[in-house]
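Student: My structure is in query_0.txt, and what it holds is compact mmCIF, C-alpha atoms:
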# COMPACT_ATOMS: atom_id res chain seq x y z
CA MET X 1 0.00 0.00 0.00
CA SER X 2 1.30 3.47 -0.88
CA GLU X 3 2.62 5.75 1.86
CA PRO X 4 -0.03 8.51 1.46
CA LEU X 5 -2.81 5.90 1.63
CA ASP X 6 -1.32 4.39 4.77
CA ASP X 7 -1.07 7.85 6.35
CA LEU X 8 -4.66 8.64 5.38
CA ILE X 9 -5.94 5.40 6.93
CA ASP X 10 -4.01 6.10 10.14
CA LYS X 11 -5.46 9.62 10.24
CA LEU X 12 -9.03 8.43 9.63
CA ALA X 13 -8.69 5.68 12.24
CA ALA X 14 -7.35 8.21 14.75
CA GLU X 15 -10.43 10.37 14.10
CA GLY X 16 -12.73 7.35 14.15
CA GLY X 17 -14.67 7.98 17.32
CA ARG X 18 -17.99 6.41 18.22
CA VAL X 19 -20.81 7.35 15.83
CA ARG X 20 -24.56 7.17 16.33
CA ARG X 21 -26.01 4.74 13.78
CA LEU X 22 -28.96 5.96 11.78
CA ALA X 23 -32.24 4.22 12.53
CA PRO X 24 -33.72 2.22 9.61
CA PRO X 25 -35.16 4.53 6.94
CA MET X 26 -38.73 3.28 7.46
CA THR X 27 -38.53 4.15 11.16
CA ARG X 28 -37.13 7.60 10.41
CA ALA X 29 -39.79 8.23 7.78
CA LEU X 30 -42.58 7.15 10.15
CA ILE X 31 -41.30 9.36 12.97
CA TRP X 32 -41.11 12.34 10.59
CA LEU X 33 -44.59 11.66 9.22
CA LEU X 34 -46.06 11.26 12.71
CA VAL X 35 -44.61 14.60 13.86
CA VAL X 36 -45.98 16.29 10.71
CA ALA X 37 -49.35 14.58 11.21
CA ALA X 38 -49.55 15.83 14.80
CA VAL X 39 -48.73 19.44 13.86
CA SER X 40 -51.07 19.33 10.84
CA ALA X 41 -53.91 17.91 12.95
CA LEU X 42 -53.56 20.84 15.36
CA ALA X 43 -53.72 23.32 12.45
CA VAL X 44 -56.72 21.56 10.90
CA PHE X 45 -58.67 21.39 14.17
CA ALA X 46 -57.89 25.02 14.89
CA PHE X 47 -58.58 26.60 11.51
CA ALA X 48 -60.45 24.27 9.09
CA ASP X 49 -64.20 24.10 8.58
CA LEU X 50 -64.47 20.42 9.52
CA PRO X 51 -68.29 20.02 9.19
CA LEU X 52 -68.07 21.30 5.60
CA PHE X 53 -65.16 19.00 4.89
CA MET X 54 -67.04 16.01 6.31
CA SER X 55 -70.07 16.80 4.18
CA ARG X 56 -67.87 16.87 1.06
CA MET X 57 -66.35 13.53 2.03
CA GLY X 58 -69.57 11.83 0.98
CA ASP X 59 -68.35 12.22 -2.62
CA ALA X 60 -66.55 9.03 -3.69
CA LYS X 61 -64.49 10.96 -6.25
CA LEU X 62 -63.11 13.24 -3.54
CA LYS X 63 -62.26 10.22 -1.40
CA LEU X 64 -60.27 8.81 -4.31
CA GLU X 65 -58.49 12.11 -4.85
CA LEU X 66 -57.64 12.41 -1.16
CA ALA X 67 -56.36 8.83 -1.11
CA GLY X 68 -54.10 9.63 -4.09
CA ILE X 69 -52.70 12.77 -2.44
CA PHE X 70 -52.28 11.09 0.97
CA LEU X 71 -50.53 8.02 -0.47
CA THR X 72 -48.31 10.16 -2.72
CA GLY X 73 -47.16 12.13 0.33
CA ILE X 74 -46.40 9.03 2.40
CA ALA X 75 -44.80 7.07 -0.45
CA ALA X 76 -42.59 9.99 -1.51
CA VAL X 77 -41.35 10.67 2.03
CA VAL X 78 -40.65 6.95 2.64
CA ALA X 79 -38.85 6.75 -0.73
CA ALA X 80 -36.74 9.83 0.03
CA PHE X 81 -35.51 8.35 3.33
CA HIS X 82 -34.55 5.13 1.54
CA LEU X 83 -32.87 6.95 -1.35
CA SER X 84 -30.75 8.98 1.06
CA LEU X 85 -28.77 5.83 1.97
CA PRO X 86 -25.95 4.64 -0.28
CA ASP X 87 -26.94 0.99 -0.54
CA ARG X 88 -30.66 1.34 -1.32
CA SER X 89 -31.99 0.82 -4.81
CA SER X 90 -32.76 3.87 -6.93
CA SER X 91 -36.06 2.11 -7.80
CA TRP X 92 -37.41 3.56 -4.56
CA ALA X 93 -37.93 6.75 -6.59
CA LEU X 94 -40.72 4.94 -8.46
CA LEU X 95 -42.74 4.21 -5.31
CA PRO X 96 -44.78 7.46 -5.36
CA LEU X 97 -45.68 7.15 -9.06
CA PRO X 98 -48.80 4.93 -8.77
CA PRO X 99 -50.49 7.12 -6.11
CA LEU X 100 -49.36 10.20 -8.07
CA ALA X 101 -51.18 8.80 -11.12
CA LEU X 102 -54.26 8.28 -8.94
CA TRP X 103 -54.00 11.89 -7.68
CA ILE X 104 -53.62 13.36 -11.18
CA GLY X 105 -56.29 11.09 -12.65
CA SER X 106 -58.90 11.78 -9.97
CA SER X 107 -58.22 15.55 -9.99
CA GLY X 108 -58.41 15.57 -13.79
CA TYR X 109 -61.72 13.71 -13.69
CA SER X 110 -63.01 16.19 -11.14
CA CYS X 111 -62.08 19.11 -13.42
CA TRP X 112 -63.67 17.46 -16.40
CA ARG X 113 -66.91 16.84 -14.45
CA HIS X 114 -66.87 20.44 -13.26
CA TRP X 115 -66.44 21.63 -16.85
CA ILE X 116 -69.31 19.47 -18.11
CA GLU X 117 -71.50 20.78 -15.33
CA TYR X 118 -70.63 24.47 -15.57
CA GLY X 119 -69.49 24.85 -19.22
CA PRO X 120 -67.01 27.68 -19.86
CA GLU X 121 -66.99 28.48 -16.14
CA GLY X 122 -65.08 25.27 -15.77
CA TRP X 123 -62.07 27.16 -17.11
CA SER X 124 -62.39 30.03 -14.68
CA LEU X 125 -59.74 30.77 -12.12
CA GLY X 126 -61.25 29.67 -8.79
CA GLU X 127 -59.41 30.36 -5.58
CA SER X 128 -56.18 29.48 -7.31
CA ALA X 129 -53.95 32.18 -5.83
CA ASP X 130 -54.88 31.05 -2.33
CA CYS X 131 -54.30 27.39 -3.26
CA PHE X 132 -50.90 28.28 -4.68
CA ARG X 133 -49.95 30.14 -1.51
CA MET X 134 -51.26 27.27 0.65
CA ILE X 135 -49.32 24.54 -1.17
CA VAL X 136 -46.07 26.51 -1.39
CA GLY X 137 -46.48 28.05 2.06
CA ALA X 138 -47.00 24.66 3.75
CA SER X 139 -44.24 23.05 1.70
CA VAL X 140 -41.49 25.50 2.68
CA PRO X 141 -41.37 24.69 6.44
CA LEU X 142 -42.12 21.01 5.77
CA GLY X 143 -39.41 20.91 3.10
CA ALA X 144 -36.89 22.54 5.42
CA ALA X 145 -37.71 19.99 8.15
CA LEU X 146 -37.43 17.11 5.69
CA LEU X 147 -34.15 18.41 4.26
CA LEU X 148 -32.74 18.56 7.77
CA ALA X 149 -33.84 14.98 8.48
CA LEU X 150 -32.56 13.66 5.13
CA SER X 151 -29.22 15.44 5.39
CA ARG X 152 -28.36 13.34 8.47
CA ALA X 153 -27.64 10.50 6.03
CA ARG X 154 -25.30 12.77 4.03
CA PRO X 155 -26.68 11.44 0.75
CA LEU X 156 -24.05 10.89 -1.93
CA ASN X 157 -26.48 11.78 -4.73
CA PRO X 158 -28.78 14.26 -2.99
CA VAL X 159 -30.71 15.82 -5.88
CA PRO X 160 -33.05 12.84 -6.57
CA VAL X 161 -33.47 12.42 -2.80
CA THR X 162 -34.64 15.98 -2.24
CA ALA X 163 -36.71 16.03 -5.46
CA VAL X 164 -38.68 12.96 -4.31
CA GLY X 165 -38.89 14.43 -0.80
CA GLY X 166 -40.19 17.65 -2.40
CA LEU X 167 -42.97 15.71 -4.06
CA GLY X 168 -43.83 14.31 -0.62
CA VAL X 169 -44.05 17.71 1.07
CA ALA X 170 -45.99 19.22 -1.86
CA ALA X 171 -48.49 16.35 -1.57
CA ILE X 172 -48.81 16.95 2.17
CA GLY X 173 -49.36 20.67 1.40
CA ALA X 174 -52.04 19.72 -1.14
CA LEU X 175 -53.66 17.37 1.38
CA LEU X 176 -53.86 20.17 3.95
CA LEU X 177 -55.33 22.38 1.24
CA GLN X 178 -58.27 19.99 0.92
CA PHE X 179 -59.39 20.92 4.43
CA PHE X 180 -59.54 24.60 3.43
CA HIS X 181 -60.74 24.13 -0.18
CA PRO X 182 -64.53 23.61 -0.01
CA PHE X 183 -65.14 23.38 -3.77
CA ASP X 184 -64.29 21.26 -6.78
CA VAL X 185 -61.17 22.18 -8.70
CA THR X 186 -61.43 23.79 -12.12
CA PHE X 187 -58.94 23.09 -14.90
CA MET X 188 -57.22 26.34 -14.04
CA ASP X 189 -57.03 25.31 -10.38
CA LEU X 190 -55.54 22.00 -11.37
CA GLY X 191 -52.96 23.82 -13.49
CA VAL X 192 -52.08 26.09 -10.59
CA HIS X 193 -51.81 23.08 -8.23
CA ALA X 194 -49.51 21.36 -10.73
CA VAL X 195 -47.34 24.48 -11.03
CA ALA X 196 -47.16 24.78 -7.23
CA VAL X 197 -46.18 21.12 -6.84
CA GLY X 198 -43.66 21.41 -9.68
CA LEU X 199 -42.17 24.50 -8.09
CA VAL X 200 -41.80 22.76 -4.73
CA VAL X 201 -40.19 19.69 -6.36
CA ALA X 202 -37.80 21.90 -8.38
CA GLY X 203 -36.94 24.01 -5.33
CA SER X 204 -36.29 20.86 -3.29
CA ALA X 205 -34.11 19.39 -6.03
CA ILE X 206 -32.04 22.59 -6.11
CA SER X 207 -31.75 22.57 -2.33
CA GLY X 208 -30.24 19.08 -2.65
CA ARG X 209 -27.17 20.66 -4.25
CA PHE X 210 -26.40 22.30 -0.90
CA ILE X 211 -26.06 18.97 0.87
CA ARG X 212 -23.91 17.46 -1.88
CA PRO X 213 -20.78 15.73 -0.52
CA PRO X 214 -17.62 17.83 -0.86
CA GLU X 215 -15.41 17.34 -3.90
CA PRO X 216 -11.86 16.07 -3.30
CA GLN X 217 -9.43 18.89 -2.50
CA ALA X 218 -6.74 18.01 -4.99
CA SER X 219 -7.00 16.17 -8.24
CA ARG X 220 -3.93 15.11 -10.13
CA GLY X 221 -3.73 15.78 -13.84
CA MET D 1 0.04 -29.58 4.37
CA ALA D 2 -2.68 -28.02 2.24
CA PRO D 3 -2.22 -24.30 1.47
CA GLU D 4 -4.34 -21.95 3.56
CA ALA D 5 -7.54 -21.16 1.65
CA LYS D 6 -8.17 -17.56 0.65
CA PRO D 7 -11.27 -16.17 2.41
CA SER D 8 -14.32 -16.10 0.17
CA ARG D 9 -16.19 -12.90 -0.59
CA GLY D 10 -18.92 -13.98 1.82
CA GLU D 11 -16.40 -14.52 4.63
CA ASP D 12 -14.80 -11.16 3.85
CA GLY D 13 -18.20 -9.49 3.93
CA ALA D 14 -19.13 -11.02 7.29
CA ARG D 15 -15.76 -10.10 8.82
CA TRP D 16 -15.90 -6.55 7.44
CA ALA D 17 -19.45 -6.10 8.72
CA GLY D 18 -18.17 -7.01 12.20
CA LEU D 19 -15.18 -4.70 11.87
CA MET D 20 -17.42 -1.84 10.71
CA ALA D 21 -19.79 -2.38 13.63
CA SER D 22 -16.76 -2.16 15.94
CA ALA D 23 -15.55 0.95 14.09
CA GLN D 24 -18.95 2.57 14.63
CA ASP D 25 -18.50 1.85 18.34
CA GLY D 26 -15.24 3.80 18.25
CA ARG D 27 -12.71 0.94 18.12
CA GLN D 28 -9.93 2.52 16.11
CA ALA D 29 -7.69 -0.54 15.61
CA GLU D 30 -10.57 -2.47 14.01
CA TYR D 31 -11.40 0.56 11.89
CA ALA D 32 -7.82 0.86 10.59
CA ARG D 33 -7.78 -2.87 9.85
CA LEU D 34 -11.05 -2.65 7.96
CA LEU D 35 -9.89 0.32 5.86
CA ARG D 36 -6.66 -1.49 4.95
CA GLU D 37 -8.49 -4.69 4.00
CA ILE D 38 -11.07 -3.00 1.78
CA VAL D 39 -8.59 -0.95 -0.27
CA PRO D 40 -8.18 -3.67 -2.97
CA MET D 41 -11.94 -3.86 -3.48
CA ILE D 42 -12.23 -0.07 -3.73
CA ARG D 43 -9.30 -0.07 -6.15
CA ALA D 44 -11.04 -2.68 -8.31
CA VAL D 45 -14.20 -0.55 -8.48
CA ALA D 46 -12.19 2.59 -9.31
CA ALA D 47 -10.15 0.75 -11.95
CA HIS D 48 -13.39 -0.09 -13.68
CA HIS D 49 -13.94 3.62 -14.42
CA HIS D 50 -10.41 5.09 -14.48
CA ARG D 51 -7.42 3.99 -16.49
CA THR D 52 -4.37 5.66 -14.97
CA PRO D 53 -3.00 4.49 -11.61
CA ASP D 54 -2.80 8.02 -10.20
CA ARG D 55 -6.49 8.66 -10.88
CA VAL D 56 -7.35 5.30 -9.33
CA ASP D 57 -5.31 6.35 -6.28
CA ASP D 58 -7.20 9.65 -6.11
CA VAL D 59 -10.52 7.83 -6.20
CA VAL D 60 -9.41 5.32 -3.53
CA GLN D 61 -8.47 8.21 -1.22
CA ASP D 62 -11.74 10.00 -1.91
CA VAL D 63 -13.75 6.82 -1.25
CA LEU D 64 -11.97 6.29 2.07
CA LEU D 65 -12.77 9.87 3.10
CA THR D 66 -16.39 9.41 2.02
CA LEU D 67 -16.73 6.12 3.91
CA HIS D 68 -15.43 7.89 6.98
CA ARG D 69 -18.05 10.63 6.57
CA VAL D 70 -20.99 8.25 6.01
CA ARG D 71 -19.96 5.36 8.26
CA HIS D 72 -22.96 6.05 10.52
CA THR D 73 -25.28 5.06 7.64
CA TYR D 74 -24.12 1.44 7.63
CA ASP D 75 -26.62 -0.88 9.28
CA PRO D 76 -24.78 -3.94 10.71
CA ALA D 77 -27.92 -6.01 10.12
CA ARG D 78 -27.38 -5.59 6.36
CA PRO D 79 -24.57 -6.96 4.17
CA PHE D 80 -21.44 -4.80 4.13
CA ILE D 81 -20.09 -5.35 0.62
CA PRO D 82 -23.09 -3.87 -1.28
CA TRP D 83 -22.86 -0.79 0.96
CA LEU D 84 -19.12 -0.47 0.31
CA VAL D 85 -19.43 -1.02 -3.44
CA ALA D 86 -22.33 1.47 -3.68
CA VAL D 87 -20.25 4.19 -2.01
CA ALA D 88 -17.15 3.37 -4.06
CA ARG D 89 -19.06 3.26 -7.35
CA ARG D 90 -20.88 6.51 -6.65
CA ARG D 91 -17.68 8.42 -5.86
CA SER D 92 -15.81 6.83 -8.74
CA ILE D 93 -18.52 7.88 -11.20
CA ASP D 94 -18.57 11.37 -9.67
CA ALA D 95 -14.80 11.61 -10.22
CA LEU D 96 -15.24 10.44 -13.81
CA ARG D 97 -17.91 13.08 -14.45
CA ARG D 98 -15.69 15.74 -12.90
CA ARG D 99 -12.84 14.65 -15.14
CA ILE D 100 -15.03 14.75 -18.26
CA ARG D 101 -16.30 18.22 -17.28
CA MET D 102 -12.77 19.49 -16.74
CA ASP D 103 -11.53 17.97 -19.99
CA ALA D 104 -14.37 19.67 -21.84
CA MET D 105 -13.39 23.05 -20.41
CA GLU D 106 -9.59 22.73 -20.62
CA ILE D 107 -7.77 24.22 -23.61
CA ARG D 108 -4.66 22.37 -24.73
CA ASP D 109 -1.62 24.38 -25.72
CA ASP D 110 0.28 21.87 -27.80
CA THR D 111 2.90 24.48 -28.82
CA SER D 112 4.10 24.61 -25.22
CA TYR D 113 5.67 21.18 -25.78
CA GLU D 114 7.47 22.25 -28.96
CA THR D 115 11.24 22.01 -29.15
CA PHE D 116 12.82 24.98 -30.82
CA ALA D 117 15.79 24.93 -33.15
CA ASP D 118 17.65 27.48 -31.02
CA PRO D 119 18.90 25.57 -27.92
CA LEU D 120 18.59 28.72 -25.80
CA ALA D 121 14.85 28.79 -26.46
CA ASN D 122 14.49 25.35 -24.84
CA ARG D 123 16.39 26.27 -21.70
CA GLU D 124 13.40 27.24 -19.60
CA ARG D 125 11.49 24.02 -20.31
CA GLU D 126 14.60 21.88 -19.82
CA GLY D 127 15.28 23.69 -16.54
CA ARG D 128 11.79 22.87 -15.30
CA GLU D 129 12.14 19.23 -16.32
CA ALA D 130 15.53 18.98 -14.62
CA ALA D 131 14.10 20.47 -11.42
CA ASP D 132 11.25 17.95 -11.48
CA ALA D 133 13.68 15.06 -12.02
CA LEU D 134 15.88 16.32 -9.18
CA ALA D 135 12.90 16.60 -6.83
CA VAL D 136 11.89 13.01 -7.59
CA ALA D 137 15.46 11.75 -7.11
CA LEU D 138 15.77 13.67 -3.83
CA ALA D 139 12.53 12.24 -2.54
CA ALA D 140 13.79 8.73 -3.27
CA LEU D 141 16.93 9.16 -1.09
CA PRO D 142 17.03 7.58 2.37
CA ARG D 143 15.97 10.08 5.05
CA GLY D 144 19.46 10.50 6.59
CA GLN D 145 21.11 11.21 3.24
CA ARG D 146 18.38 13.63 2.15
CA GLU D 147 18.58 15.51 5.42
CA ALA D 148 22.37 15.73 5.29
CA LEU D 149 22.30 17.02 1.70
CA GLU D 150 19.61 19.60 2.39
CA LEU D 151 21.31 20.98 5.50
CA VAL D 152 24.89 21.04 4.22
CA LYS D 153 24.48 21.77 0.50
CA VAL D 154 21.10 23.48 0.09
CA LYS D 155 20.92 25.47 3.34
CA GLU D 156 24.75 25.79 3.39
CA MET D 157 25.09 25.05 7.11
CA SER D 158 28.45 24.14 8.57
CA LEU D 159 28.91 20.49 9.49
CA VAL D 160 28.73 21.40 13.21
CA GLU D 161 25.46 23.32 12.75
CA ALA D 162 23.96 20.56 10.62
CA SER D 163 25.01 18.01 13.23
CA ALA D 164 23.23 20.00 15.97
CA VAL D 165 20.06 20.27 13.89
CA SER D 166 19.92 16.71 12.61
CA GLY D 167 21.44 14.79 15.50
CA GLN D 168 23.82 13.05 13.06
CA SER D 169 27.54 13.03 13.88
CA VAL D 170 29.88 15.20 11.77
CA GLY D 171 31.46 12.06 10.31
CA GLY D 172 28.03 10.61 9.58
CA LEU D 173 26.98 13.80 7.83
CA LYS D 174 30.06 13.74 5.60
CA VAL D 175 29.43 10.13 4.62
CA ASN D 176 25.72 10.78 4.00
CA VAL D 177 26.38 13.85 1.84
CA HIS D 178 28.91 11.93 -0.21
CA ARG D 179 26.55 8.97 -0.66
CA ALA D 180 23.61 11.23 -1.51
CA ILE D 181 25.52 13.04 -4.24
CA LYS D 182 26.73 9.73 -5.64
CA ALA D 183 23.19 8.33 -5.64
CA LEU D 184 21.75 11.46 -7.27
CA ARG D 185 24.43 11.46 -9.94
CA ALA D 186 23.75 7.81 -10.76
CA LYS D 187 19.99 8.37 -10.78
CA LEU D 188 20.05 11.49 -12.97
CA LYS D 189 22.58 10.05 -15.40
CA GLY D 190 20.64 6.84 -15.64
CA GLY D 191 17.47 8.88 -16.39
Can you dump the structure from the file as structure tokens?
Tutor:
Amino acid sequence: MSEPLDDLIDKLAAEGGRVRRLAPPMTRALIWLLVVAAVSALAVFAFADLPLFMSRMGDAKLKLELAGIFLTGIAAVVAAFHLSLPDRSSSWALLPLPPLALWIGSSGYSCWRHWIEYGPEGWSLGESADCFRMIVGASVPLGAALLLALSRARPLNPVPVTAVGGLGVAAIGALLLQFFHPFDVTFMDLGVHAVAVGLVVAGSAISGRFIRPPEPQASRG
Amino acid sequence: MAPEAKPSRGEDGARWAGLMASAQDGRQAEYARLLREIVPMIRAVAAHHHRTPDRVDDVVQDVLLTLHRVRHTYDPARPFIPWLVAVARRRSIDALRRRIRMDAMEIRDDTSYETFADPLANREREGREAADALAVALAALPRGQREALELVKVKEMSLVEASAVSGQSVGGLKVNVHRAIKALRAKLKGG
């Protein structure tokens, strides 16, 4: 073994103190989701119009849409915690895709039904600006908390990790929105939701560059 | 007597998993042993992506530093080798991408390697090459000889001063300087 390599190993071993092992990714994801669920429940009980929400829940289409959003949020967060570890398969990134398809499909159907029912009004801009603010506004603190939790694993390829995590927090933001969104979405609303989610995912992916592992100091020609 | 069998990959993996678990608990001797044992495997992964030995060495060093940084992510309940190979492969590919990016941005100045008809024009380049060759030859000298040469010939200390600094006797210094010059001459003549 070369002398510099030997020296490096001695130096690393000398610095090799006790480290706290990371808990399994599923455990970490569940803890994070439970904390978020507790805080969200407080916000919903304090500010949402629950009787109105419960009356809307009679609609099977809305139940399907909510299931899609809820499962996308959970699947994306679980996937992000797995992806943050070096030895987990990159296929974890595919986990949120089926519920995402359900979310998009059920929302799209809802828009279409709204359009059939109301004609050109189906294209009107509903409460889109508020929805946009709600999704992005909820995603920023959630995204920061998730980034902090994910960065404990010091992911070697952080951009996909934070992008998938971003999808998770955007879905949670959209789920919270449903408690404050007592009407069907129009096509324009759906577009605004998609832009908000896309923005959160893109912002999260960019934030992943800040937790990228450092590049080697010197590189020989 | 039958020759001792080489440990299989599975045996290596189980032993390394144990060593890594000990390393996570702060046992430095086990950690050093583990890092030394895994170097050939890291080198094999790096050699898959990089051709020159110095780049492979760079990647091996980078992988060791990365392993040190992410050692808390290893779960002793899971196999060690896939974790190791995943880290090594990731960093090796990153180094390859960095190299490709740098190569795409670098501009080659082939004329800087030209030899001119006028010998004086080549002096600067030849001087640089000679200095490089001398530095390599100096580095290859035994420590005592190199120290004696640096103190007496480069820093121009007297033998008494050099003896006080180095701890070598005056006679020893003389012998070492003589041997160093002889070795350098042979090395530089031999190319």
Student: What does the distance between CA of Ala183 (chain D) and CA of Gly167 (chain D) come to in Å, to one decimal place?
Tutor: 22.2 Å
Student: Counting only C-alpha atoms, which residues of chain D come no farther than 6 Å from chain X, as a PDB file with C-alpha atoms, in the frame of the given file?
Tutor:
ATOM      1  CA  GLN D  24     -18.950   2.570  14.630  1.00  0.00           C
ATOM      2  CA  ASP D  25     -18.500   1.850  18.340  1.00  0.00           C
ATOM      3  CA  GLY D  26     -15.240   3.800  18.250  1.00  0.00           C
ATOM      4  CA  GLN D  28      -9.930   2.520  16.110  1.00  0.00           C
ATOM      5  CA  TYR D  31     -11.400   0.560  11.890  1.00  0.00           C
ATOM      6  CA  ALA D  32      -7.820   0.860  10.590  1.00  0.00           C
ATOM      7  CA  HIS D  72     -22.960   6.050  10.520  1.00  0.00           C
ATOM      8  CA  THR D  73     -25.280   5.060   7.640  1.00  0.00           C
ATOM      9  CA  TRP D  83     -22.860  -0.790   0.960  1.00  0.00           C
ATOM     10  CA  ALA D  86     -22.330   1.470  -3.680  1.00  0.00           C
ATOM     11  CA  VAL D  87     -20.250   4.190  -2.010  1.00  0.00           C
TER      12      VAL D  87
END
Student: Counting only C-alpha atoms, find residues at most 10 Å from (-36.6, 8.0, 10.1) (file frame) and give them as a tab-separated table (two decimals) with C-alpha atoms, in the frame of the given file.
Tutor:
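Full text of part-v7.tsv as output:
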chain	number	residue	atom	x	y	z
X	22	LEU	CA	-28.96	5.96	11.78
X	23	ALA	CA	-32.24	4.22	12.53
X	24	PRO	CA	-33.72	2.22	9.61
X	25	PRO	CA	-35.16	4.53	6.94
X	26	MET	CA	-38.73	3.28	7.46
X	27	THR	CA	-38.53	4.15	11.16
X	28	ARG	CA	-37.13	7.60	10.41
X	29	ALA	CA	-39.79	8.23	7.78
X	30	LEU	CA	-42.58	7.15	10.15
X	31	ILE	CA	-41.30	9.36	12.97
X	32	TRP	CA	-41.11	12.34	10.59
X	33	LEU	CA	-44.59	11.66	9.22
X	77	VAL	CA	-41.35	10.67	2.03
X	78	VAL	CA	-40.65	6.95	2.64
X	81	PHE	CA	-35.51	8.35	3.33
X	82	HIS	CA	-34.55	5.13	1.54
X	149	ALA	CA	-33.84	14.98	8.48
X	150	LEU	CA	-32.56	13.66	5.13
X	152	ARG	CA	-28.36	13.34	8.47
Student: Name all residues at most 8 Å from Pro79 (chain D) (count all atoms listed in the file; drop same-chain ones fewer than 4 positions away) and give them as a list of chain:residue names.
Tutor: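 What passes the distance filter is D:Gly13, D:Ala14, D:Ala17, D:Trp83.
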Student: Please provide the set of residues having any atom within 7 Å of Val60 (chain D), restricted to only C-alpha atoms, with same-chain residues fewer than 6 positions apart removed, written as a list in words.
Tutor: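 The residues satisfying every condition are Ile42, Arg43 and Ala46 of chain D.
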Student: Which residues are near Ala148 (chain D)? Cut-off 9 Å, only C-alpha atoms, ignore same chain within fewer than 2 positions. Put them as a ChimeraX atom specification.
Tutor: /D:143-146,150-153,162-163,166,168,172-174,176-177,180
Student: Pick out the residues sitting within 8 Å of Arg91 (chain D), and hand them over as a ChimeraX atom specification; count all atoms listed in the file, and ignore anything fewer than 6 positions along from it in its own chain.
Tutor: /X:156 /D:59,62-63
Student: Which residue is closest to Gly105 (chain X)? Choose from X:Gly168, X:Gly173, X:Pro158, X:Gly68 and count all atoms listed in the file.
Tutor: X:Gly68
Student: Could you tell me how far CA of Ala76 (chain X) lies from CA of Ala145 (chain X), in Å and to one decimal?
Tutor: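 Taking CA of Ala76 (chain X) as the start and CA of Ala145 (chain X) as the end point, the length is 14.7 Å.
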Student: Which one of X:Ala163, X:Ile172, X:Leu148, X:Ile135 sits closest to Val39 (chain X) if you count all atoms listed in the file?
Tutor: X:Ile172
Student: Quick one: pull the distance between CA of Gly198 (chain X) and CA of Met57 (chain X), Å, one decimal.
Tutor: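 These two atoms are separated by 26.7 Å.
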Student: Which residue out of D:Ile93, D:Leu67, D:Leu188, D:Pro82 has the minimum interatomic distance to Ala133 (chain D) when all atoms listed in the file are used?
Tutor: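 For Ala133 (chain D), the nearest of the candidates is D:Leu188.
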Student: I'd like to know which of D:Ala131, D:Ile38, D:Met102, D:Val175 is closest to Val85 (chain D), using all atoms listed in the file.
Tutor: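 Answer, going by the shortest atom-to-atom distance: D:Ile38.
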Student: Which of these residues is nearest to Ala67 (chain X), using only C-alpha atoms: X:Trp103, X:Phe45, X:Phe132, X:Phe53?
Tutor: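 The shortest atom-to-atom distance to Ala67 (chain X) comes from X:Trp103.
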Student: Can you tell me, as a list in words, what residues are no more than 10 Å from Phe180 (chain X) when counting all atoms listed in the file, ignoring any on the same chain fewer than 5 positions away?
Tutor: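 Once the nearby chain positions are removed, what remains is Val44, Phe47, Ala48, Asp49, Leu50, Leu52, Phe53, Asp130, Cys131, Met134 and Leu175 of chain X.
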Student: Under the rule that only C-alpha atoms are counted, which of D:Ser158, D:Arg99, D:Arg27, D:Leu184 is the nearest residue to Ala135 (chain D)?
Tutor: D:Leu184
Student: My structure is short of atoms at region 58-67 of chain D; please model N, CA and C atoms there, returning them as an mmCIF file, in the coordinates of the input.
Tutor:
data_model
loop_
_atom_site.group_PDB
_atom_site.id
_atom_site.type_symbol
_atom_site.label_atom_id
_atom_site.label_comp_id
_atom_site.auth_asym_id
_atom_site.auth_seq_id
_atom_site.Cartn_x
_atom_site.Cartn_y
_atom_site.Cartn_z
ATOM 1 N N ASP D 58 -6.375 8.512 -6.562
ATOM 2 C CA ASP D 58 -7.200 9.650 -6.110
ATOM 3 C C ASP D 58 -8.581 9.182 -5.679
ATOM 4 N N VAL D 59 -9.162 8.301 -6.499
ATOM 5 C CA VAL D 59 -10.520 7.830 -6.200
ATOM 6 C C VAL D 59 -10.504 7.001 -4.906
ATOM 7 N N VAL D 60 -9.482 6.155 -4.748
ATOM 8 C CA VAL D 60 -9.410 5.320 -3.530
ATOM 9 C C VAL D 60 -9.380 6.229 -2.295
ATOM 10 N N GLN D 61 -8.557 7.286 -2.363
ATOM 11 C CA GLN D 61 -8.470 8.210 -1.220
ATOM 12 C C GLN D 61 -9.818 8.886 -0.966
ATOM 13 N N ASP D 62 -10.450 9.311 -2.047
ATOM 14 C CA ASP D 62 -11.740 10.000 -1.910
ATOM 15 C C ASP D 62 -12.795 9.056 -1.324
ATOM 16 N N VAL D 63 -12.770 7.794 -1.768
ATOM 17 C CA VAL D 63 -13.750 6.820 -1.250
ATOM 18 C C VAL D 63 -13.518 6.593 0.244
ATOM 19 N N LEU D 64 -12.252 6.493 0.640
ATOM 20 C CA LEU D 64 -11.970 6.290 2.070
ATOM 21 C C LEU D 64 -12.488 7.462 2.896
ATOM 22 N N LEU D 65 -12.268 8.681 2.388
ATOM 23 C CA LEU D 65 -12.770 9.870 3.100
ATOM 24 C C LEU D 65 -14.293 9.857 3.168
ATOM 25 N N THR D 66 -14.921 9.445 2.058
ATOM 26 C CA THR D 66 -16.390 9.410 2.020
ATOM 27 C C THR D 66 -16.918 8.352 2.984
ATOM 28 N N LEU D 67 -16.299 7.185 2.984
ATOM 29 C CA LEU D 67 -16.730 6.120 3.910
ATOM 30 C C LEU D 67 -16.662 6.614 5.351
#
